[in-house]
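Have a look at query22.csv below; it lists CSV, N, CA and C atoms.
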chain,number,residue,atom,x,y,z
A,330,MET,N,-6.3,17.5,1.6
A,330,MET,CA,-5.2,16.8,2.2
A,330,MET,C,-4.5,17.7,3.3
A,331,SER,N,-4.0,17.0,4.3
A,331,SER,CA,-3.4,17.8,5.4
A,331,SER,C,-2.0,18.2,4.9
A,332,GLU,N,-1.3,18.9,5.8
A,332,GLU,CA,0.0,19.4,5.5
A,332,GLU,C,1.0,18.2,5.3
A,333,SER,N,2.0,18.4,4.4
A,333,SER,CA,2.9,17.4,4.2
A,333,SER,C,4.0,17.4,5.3
A,334,LEU,N,4.6,16.3,5.5
A,334,LEU,CA,5.6,16.1,6.6
A,334,LEU,C,6.7,17.1,6.4
A,335,ASP,N,7.2,17.3,5.2
A,335,ASP,CA,8.3,18.2,5.0
A,335,ASP,C,8.0,19.6,5.3
A,336,VAL,N,6.7,20.0,5.0
A,336,VAL,CA,6.3,21.4,5.4
A,336,VAL,C,6.2,21.6,6.9
A,337,VAL,N,5.6,20.5,7.6
A,337,VAL,CA,5.5,20.6,9.0
A,337,VAL,C,6.9,20.8,9.7
A,338,ILE,N,7.8,20.0,9.2
A,338,ILE,CA,9.2,20.0,9.8
A,338,ILE,C,9.8,21.4,9.5
A,339,ALA,N,9.6,21.9,8.3
A,339,ALA,CA,10.2,23.2,8.0
A,339,ALA,C,9.5,24.3,8.8
A,340,ASP,N,8.2,24.2,9.0
A,340,ASP,CA,7.5,25.2,9.9
A,340,ASP,C,8.1,25.2,11.3
A,341,ILE,N,8.3,24.0,11.8
A,341,ILE,CA,8.8,23.9,13.2
A,341,ILE,C,10.2,24.4,13.3
A,342,ARG,N,11.0,24.1,12.3
A,342,ARG,CA,12.4,24.7,12.3
A,342,ARG,C,12.3,26.2,12.2
A,343,SER,N,11.4,26.7,11.5
A,343,SER,CA,11.2,28.2,11.5
A,343,SER,C,10.8,28.7,12.9
A,344,ASP,N,9.9,28.0,13.6
A,344,ASP,CA,9.6,28.4,14.9
A,344,ASP,C,10.8,28.4,15.8
A,345,ALA,N,11.7,27.5,15.6
A,345,ALA,CA,12.9,27.4,16.4
A,345,ALA,C,13.8,28.7,16.2
A,346,GLN,N,13.8,29.2,14.9
A,346,GLN,CA,14.5,30.4,14.7
A,346,GLN,C,13.9,31.6,15.4
A,347,VAL,N,12.6,31.6,15.4
A,347,VAL,CA,11.9,32.7,16.2
A,347,VAL,C,12.3,32.6,17.7
A,348,LEU,N,12.3,31.4,18.2
A,348,LEU,CA,12.7,31.3,19.6
A,348,LEU,C,14.1,31.7,19.8
A,349,ARG,N,15.0,31.4,18.9
A,349,ARG,CA,16.4,31.8,19.0
A,349,ARG,C,16.5,33.3,19.0
A,350,ALA,N,15.8,33.9,18.1
A,350,ALA,CA,15.8,35.4,18.0
A,350,ALA,C,15.3,36.1,19.3
A,351,ALA,N,14.4,35.4,20.0
A,351,ALA,CA,13.8,35.9,21.2
A,351,ALA,C,14.7,35.6,22.4
A,352,GLY,N,15.9,34.9,22.2
A,352,GLY,CA,16.8,34.7,23.3
A,352,GLY,C,16.6,33.3,23.9
A,353,HIS,N,15.9,32.4,23.3
A,353,HIS,CA,15.7,31.1,23.9
A,353,HIS,C,16.5,30.0,23.1
A,354,GLU,N,17.8,30.2,23.3
A,354,GLU,CA,18.8,29.3,22.5
A,354,GLU,C,18.6,27.8,22.8
A,355,LYS,N,18.5,27.5,24.1
A,355,LYS,CA,18.4,26.1,24.5
A,355,LYS,C,17.1,25.4,23.9
A,356,GLN,N,16.0,26.1,24.0
A,356,GLN,CA,14.8,25.6,23.4
A,356,GLN,C,14.9,25.4,21.9
A,357,ALA,N,15.4,26.4,21.3
A,357,ALA,CA,15.6,26.4,19.8
A,357,ALA,C,16.5,25.2,19.4
A,358,ALA,N,17.6,25.1,20.1
A,358,ALA,CA,18.5,24.0,19.8
A,358,ALA,C,17.8,22.6,20.0
A,359,TYR,N,17.0,22.5,21.0
A,359,TYR,CA,16.3,21.2,21.3
A,359,TYR,C,15.3,20.9,20.1
A,360,ILE,N,14.6,21.9,19.7
A,360,ILE,CA,13.6,21.8,18.7
A,360,ILE,C,14.3,21.4,17.4
A,361,GLU,N,15.4,22.1,17.0
A,361,GLU,CA,16.1,21.8,15.8
A,361,GLU,C,16.7,20.3,15.8
A,362,GLN,N,17.2,19.9,17.0
A,362,GLN,CA,17.7,18.5,17.1
A,362,GLN,C,16.6,17.5,16.9
A,363,ALA,N,15.4,17.8,17.5
A,363,ALA,CA,14.3,16.9,17.4
A,363,ALA,C,13.8,16.9,16.0
A,364,CYS,N,13.8,18.0,15.3
A,364,CYS,CA,13.4,18.0,13.9
A,364,CYS,C,14.3,17.2,13.0
A,365,GLY,N,15.6,17.3,13.3
A,365,GLY,CA,16.6,16.5,12.6
A,365,GLY,C,16.4,15.0,12.8
A,366,ARG,N,16.1,14.6,14.0
A,366,ARG,CA,15.9,13.2,14.3
A,366,ARG,C,14.6,12.7,13.6
A,367,VAL,N,13.6,13.5,13.6
A,367,VAL,CA,12.3,13.1,12.9
A,367,VAL,C,12.6,13.0,11.4
A,368,ALA,N,13.2,14.0,10.8
A,368,ALA,CA,13.5,14.0,9.4
A,368,ALA,C,14.4,12.8,9.0
A,369,ALA,N,15.3,12.4,9.8
A,369,ALA,CA,16.2,11.3,9.5
A,369,ALA,C,15.4,10.0,9.6
A,370,ALA,N,14.5,9.9,10.6
A,370,ALA,CA,13.7,8.7,10.7
A,370,ALA,C,12.6,8.6,9.6
A,371,ALA,N,12.2,9.7,9.1
A,371,ALA,CA,11.1,9.7,8.2
A,371,ALA,C,11.6,9.9,6.7
A,372,GLU,N,12.9,9.6,6.5
A,372,GLU,CA,13.5,9.8,5.2
A,372,GLU,C,12.7,9.2,4.0
A,373,PRO,N,12.3,7.9,4.2
A,373,PRO,CA,11.5,7.3,3.1
A,373,PRO,C,10.2,8.1,2.8
A,374,PHE,N,9.7,8.8,3.8
A,374,PHE,CA,8.4,9.6,3.6
A,374,PHE,C,8.7,11.0,3.1
A,375,LEU,N,10.0,11.3,2.9
A,375,LEU,CA,10.3,12.7,2.5
A,375,LEU,C,11.1,12.7,1.2
A,376,THR,N,11.6,11.5,0.8
A,376,THR,CA,12.5,11.4,-0.4
A,376,THR,C,11.7,11.1,-1.7
A,377,TRP,N,11.8,12.0,-2.6
A,377,TRP,CA,11.1,11.9,-3.9
A,377,TRP,C,12.0,11.2,-4.9
A,378,LEU,N,11.6,10.2,-5.6
A,378,LEU,CA,12.3,9.6,-6.7
A,378,LEU,C,11.7,9.8,-8.0
A,379,SER,N,12.5,10.0,-9.0
A,379,SER,CA,12.0,10.1,-10.4
A,379,SER,C,11.4,8.7,-10.8
A,380,GLU,N,10.7,8.7,-11.9
A,380,GLU,CA,10.1,7.5,-12.3
A,380,GLU,C,11.2,6.5,-12.8
A,381,ALA,N,12.3,7.1,-13.3
A,381,ALA,CA,13.5,6.2,-13.7
A,381,ALA,C,14.1,5.6,-12.5
A,382,ASP,N,14.3,6.4,-11.5
A,382,ASP,CA,14.9,5.9,-10.2
A,382,ASP,C,14.0,4.9,-9.5
A,383,ALA,N,12.7,5.1,-9.6
A,383,ALA,CA,11.8,4.2,-9.0
A,383,ALA,C,11.8,2.8,-9.7
A,384,GLY,N,12.0,2.9,-11.0
A,384,GLY,CA,12.2,1.7,-11.8
A,384,GLY,C,13.4,0.9,-11.5
A,385,LEU,N,14.5,1.6,-11.3
A,385,LEU,CA,15.8,1.0,-10.9
A,385,LEU,C,15.6,0.3,-9.5
A,386,ARG,N,15.0,1.0,-8.6
A,386,ARG,CA,14.8,0.5,-7.2
A,386,ARG,C,13.9,-0.8,-7.2
A,387,SER,N,12.9,-0.8,-8.0
A,387,SER,CA,11.9,-1.8,-8.0
A,387,SER,C,12.0,-2.9,-9.1
A,388,GLY,N,12.6,-2.5,-10.2
A,388,GLY,CA,12.6,-3.4,-11.3
A,388,GLY,C,11.4,-3.4,-12.2
A,389,PHE,N,10.4,-2.5,-11.8
A,389,PHE,CA,9.2,-2.3,-12.6
A,389,PHE,C,9.4,-1.3,-13.7
A,390,LYS,N,8.6,-1.5,-14.8
A,390,LYS,CA,8.6,-0.6,-15.9
A,390,LYS,C,7.8,0.6,-15.6
A,391,PRO,N,7.9,1.7,-16.4
A,391,PRO,CA,7.1,2.9,-16.2
A,391,PRO,C,5.6,2.7,-16.2
A,392,GLY,N,5.1,1.7,-16.9
A,392,GLY,CA,3.7,1.5,-16.9
A,392,GLY,C,3.1,1.1,-15.6
A,393,TYR,N,3.9,0.4,-14.8
A,393,TYR,CA,3.5,0.0,-13.4
A,393,TYR,C,3.2,1.3,-12.6
A,394,PHE,N,4.1,2.3,-12.7
A,394,PHE,CA,4.0,3.5,-11.9
A,394,PHE,C,2.9,4.4,-12.5
A,395,ARG,N,2.8,4.5,-13.8
A,395,ARG,CA,1.8,5.3,-14.4
A,395,ARG,C,0.4,4.8,-14.0
A,396,ALA,N,0.2,3.5,-13.9
A,396,ALA,CA,-1.1,2.9,-13.6
A,396,ALA,C,-1.5,3.3,-12.2
A,397,ARG,N,-0.5,3.6,-11.3
A,397,ARG,CA,-0.8,3.9,-9.9
A,397,ARG,C,-0.7,5.4,-9.6
A,398,PHE,N,-0.3,6.1,-10.6
A,398,PHE,CA,0.1,7.6,-10.3
A,398,PHE,C,-1.1,8.3,-9.7
A,399,ALA,N,-2.3,8.2,-10.3
A,399,ALA,CA,-3.4,9.0,-9.8
A,399,ALA,C,-3.8,8.7,-8.4
A,400,ARG,N,-3.8,7.4,-8.1
A,400,ARG,CA,-4.2,7.0,-6.7
A,400,ARG,C,-3.1,7.5,-5.7
A,401,TRP,N,-1.8,7.3,-6.1
A,401,TRP,CA,-0.8,7.7,-5.2
A,401,TRP,C,-0.7,9.2,-5.1
A,402,GLU,N,-1.0,9.9,-6.2
A,402,GLU,CA,-1.0,11.4,-6.1
A,402,GLU,C,-2.1,11.9,-5.1
A,403,ALA,N,-3.3,11.2,-5.2
A,403,ALA,CA,-4.4,11.6,-4.3
A,403,ALA,C,-4.0,11.3,-2.8
A,404,GLN,N,-3.1,10.4,-2.6
A,404,GLN,CA,-2.7,10.1,-1.2
A,404,GLN,C,-1.5,10.9,-0.8
A,405,GLY,N,-1.0,11.7,-1.7
A,405,GLY,CA,0.2,12.5,-1.4
A,405,GLY,C,1.5,11.8,-1.6
A,406,CYS,N,1.5,10.7,-2.3
A,406,CYS,CA,2.7,9.9,-2.5
A,406,CYS,C,3.3,10.0,-3.9
A,407,ALA,N,2.7,10.7,-4.8
A,407,ALA,CA,3.2,10.9,-6.1
A,407,ALA,C,2.9,12.4,-6.5
A,408,ARG,N,3.7,12.9,-7.4
A,408,ARG,CA,3.5,14.3,-7.9
A,408,ARG,C,4.1,14.5,-9.2
A,409,LEU,N,3.8,15.6,-9.8
A,409,LEU,CA,4.5,16.0,-11.0
A,409,LEU,C,5.7,16.9,-10.4
A,410,ALA,N,6.9,16.7,-11.0
A,410,ALA,CA,8.0,17.5,-10.5
A,410,ALA,C,7.8,19.0,-10.4
A,411,PRO,N,8.2,19.6,-9.4
A,411,PRO,CA,7.9,21.1,-9.2
A,411,PRO,C,8.5,21.9,-10.4
A,412,ARG,N,9.7,21.5,-10.9
A,412,ARG,CA,10.3,22.3,-12.0
A,412,ARG,C,10.0,21.8,-13.4
A,413,ASN,N,9.7,20.5,-13.5
A,413,ASN,CA,9.4,20.0,-14.8
A,413,ASN,C,8.1,19.3,-14.6
A,414,HIS,N,7.0,19.9,-15.0
A,414,HIS,CA,5.7,19.4,-14.7
A,414,HIS,C,5.2,18.2,-15.5
A,415,ARG,N,6.2,17.7,-16.3
A,415,ARG,CA,5.9,16.4,-17.0
A,415,ARG,C,6.5,15.2,-16.4
A,416,GLU,N,7.5,15.4,-15.5
A,416,GLU,CA,8.2,14.3,-14.9
A,416,GLU,C,7.4,13.9,-13.6
A,417,ARG,N,7.1,12.6,-13.6
A,417,ARG,CA,6.4,12.0,-12.4
A,417,ARG,C,7.4,11.7,-11.3
A,418,GLN,N,7.1,11.9,-10.1
A,418,GLN,CA,7.9,11.6,-9.0
A,418,GLN,C,7.1,10.8,-7.9
A,419,TYR,N,7.8,10.0,-7.2
A,419,TYR,CA,7.1,9.1,-6.2
A,419,TYR,C,7.9,9.1,-4.9
A,420,LEU,N,7.2,9.1,-3.8
A,420,LEU,CA,7.8,9.0,-2.5
A,420,LEU,C,8.5,7.6,-2.4
A,421,GLU,N,9.7,7.6,-1.9
A,421,GLU,CA,10.4,6.3,-1.7
A,421,GLU,C,9.6,5.3,-1.0
A,422,ILE,N,8.8,5.7,0.0
A,422,ILE,CA,8.1,4.7,0.8
A,422,ILE,C,7.1,3.8,0.0
A,423,VAL,N,6.6,4.3,-1.2
A,423,VAL,CA,5.6,3.5,-1.9
A,423,VAL,C,6.3,2.6,-3.0
A,424,ILE,N,7.6,2.8,-3.2
A,424,ILE,CA,8.2,2.0,-4.2
A,424,ILE,C,8.7,0.7,-3.6
A,425,PRO,N,8.3,-0.4,-4.2
A,425,PRO,CA,8.8,-1.7,-3.7
A,425,PRO,C,10.2,-1.9,-4.0
A,426,VAL,N,10.9,-2.6,-3.2
A,426,VAL,CA,12.4,-2.8,-3.4
A,426,VAL,C,12.6,-4.2,-4.1
A,427,ARG,N,13.3,-4.2,-5.1
A,427,ARG,CA,13.6,-5.4,-5.9
A,427,ARG,C,14.3,-6.4,-4.9
A,428,ALA,N,13.8,-7.6,-4.9
A,428,ALA,CA,14.5,-8.6,-4.1
A,428,ALA,C,15.9,-8.9,-4.6
A,429,ASN,N,16.8,-9.0,-3.6
A,429,ASN,CA,18.2,-9.3,-3.9
A,429,ASN,C,18.3,-10.8,-3.8
A,430,LEU,N,18.1,-11.5,-5.0
A,430,LEU,CA,18.1,-13.0,-5.0
A,430,LEU,C,19.5,-13.6,-4.6
A,431,ASP,N,20.5,-12.9,-5.0
A,431,ASP,CA,21.9,-13.4,-4.7
A,431,ASP,C,22.1,-13.4,-3.1
A,432,ALA,N,21.6,-12.4,-2.5
A,432,ALA,CA,21.8,-12.3,-1.0
A,432,ALA,C,20.9,-13.3,-0.3
A,433,ALA,N,19.7,-13.5,-0.9
A,433,ALA,CA,18.8,-14.5,-0.3
A,433,ALA,C,19.3,-15.9,-0.4
A,434,ARG,N,19.9,-16.2,-1.6
A,434,ARG,CA,20.5,-17.5,-1.8
A,434,ARG,C,21.7,-17.7,-0.8
A,435,ALA,N,22.5,-16.7,-0.7
A,435,ALA,CA,23.7,-16.8,0.2
A,435,ALA,C,23.2,-17.0,1.6
A,436,ALA,N,22.2,-16.3,2.1
A,436,ALA,CA,21.7,-16.5,3.4
A,436,ALA,C,21.1,-17.9,3.6
A,437,ALA,N,20.4,-18.4,2.6
A,437,ALA,CA,19.9,-19.8,2.7
A,437,ALA,C,21.0,-20.8,2.8
A,438,ARG,N,22.1,-20.6,2.0
A,438,ARG,CA,23.3,-21.5,2.1
A,438,ARG,C,23.9,-21.5,3.5
A,439,ARG,N,24.1,-20.2,4.0
A,439,ARG,CA,24.7,-20.1,5.4
A,439,ARG,C,23.8,-20.8,6.4
A,440,ALA,N,22.5,-20.6,6.3
A,440,ALA,CA,21.6,-21.3,7.3
A,440,ALA,C,21.6,-22.8,7.1
A,441,ALA,N,21.7,-23.3,5.9
A,441,ALA,CA,21.8,-24.8,5.7
A,441,ALA,C,23.1,-25.3,6.3
A,442,ASN,N,24.2,-24.6,6.0
A,442,ASN,CA,25.5,-25.0,6.5
A,442,ASN,C,25.6,-25.0,8.1
A,443,GLU,N,25.0,-24.0,8.7
A,443,GLU,CA,24.9,-23.9,10.1
A,443,GLU,C,24.1,-25.0,10.8
A,444,SER,N,23.0,-25.3,10.1
A,444,SER,CA,22.1,-26.4,10.7
A,444,SER,C,22.7,-27.8,10.5
A,445,ALA,N,23.6,-27.9,9.4
A,445,ALA,CA,24.2,-29.2,9.2
A,445,ALA,C,25.4,-29.4,10.1
A,446,ALA,N,26.0,-28.4,10.6
A,446,ALA,CA,27.2,-28.5,11.4
A,446,ALA,C,26.9,-28.9,12.9
Now, as a test, write the supplied structure out as structure tokens.
Amino acid sequence: MSESLDVVIADIRSDAQVLRAAGHEKQAAYIEQACGRVAAAAEPFLTWLSEADAGLRSGFKPGYFRARFARWEAQGCARLAPRNHRERQYLEIVIPVRANLDAARAAARRAANESAA
């Protein structure tokens, strides 16, 4: 597997510190700003959720995640927690979001009211 995104961002931020130490403040600041923007845009690819939090986000039970763990781990999207090697974690990007039925119904009612008017 290639380097993870969080490692690449950390390495580039480290390079910015080297530039700053060499007197290249403007270049270092630009690199740090760019890294911050990339990290913010890539948050779902960088945020690890516990299995319990993944269940809350998706509405799925632990068995759903456990059945997919090996495949997602091979893809770099699941891992055993660094501190507690028994806790499974998943990148936010692979966790489905539970549909908000109340919001969908409200939007449908608004659309129907607008088309009737």
Response to the item:
Among A:Arg427, A:Arg395, A:Arg400, A:Arg342, A:Ser379 is approached most closely, using only C-alpha atoms, by A:Arg395
Worksheet entry | Which of chain A DSSP labels strand (DSSP E), written as a ChimeraX atom specification | /A:377-379,407-409,417-420
Worksheet item: Which is closer to A:Pro373 than all the others in A:Ala435, A:Ala399, A:Ala440, A:Leu420, using all atoms listed in the file?
Response: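 The closest residue to A:Pro373 is A:Leu420.
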Discussion item. Using DSSP secondary structure from the backbone, list all alpha helix (DSSP H) positions within chain A, as JSON, numbers by chain.
Written reply: {"A": [334, 335, 336, 337, 338, 339, 340, 341, 342, 343, 344, 345, 346, 347, 348, 349, 350, 354, 355, 356, 357, 358, 359, 360, 361, 362, 363, 364, 365, 366, 367, 368, 369, 370, 372, 373, 374, 375, 380, 381, 382, 383, 384, 385, 386, 387, 391, 392, 393, 394, 395, 396, 397, 398, 399, 400, 401, 402, 403, 430, 431, 432, 433, 434, 435, 436, 437, 438, 439, 440, 441, 442, 443, 444, 445]}
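Checking A:Arg438, A:Val426, A:Ser333, A:Arg366 one by one against A:Gln404, counting only C-alpha atoms, you find the shortest gap at A:Ser333.
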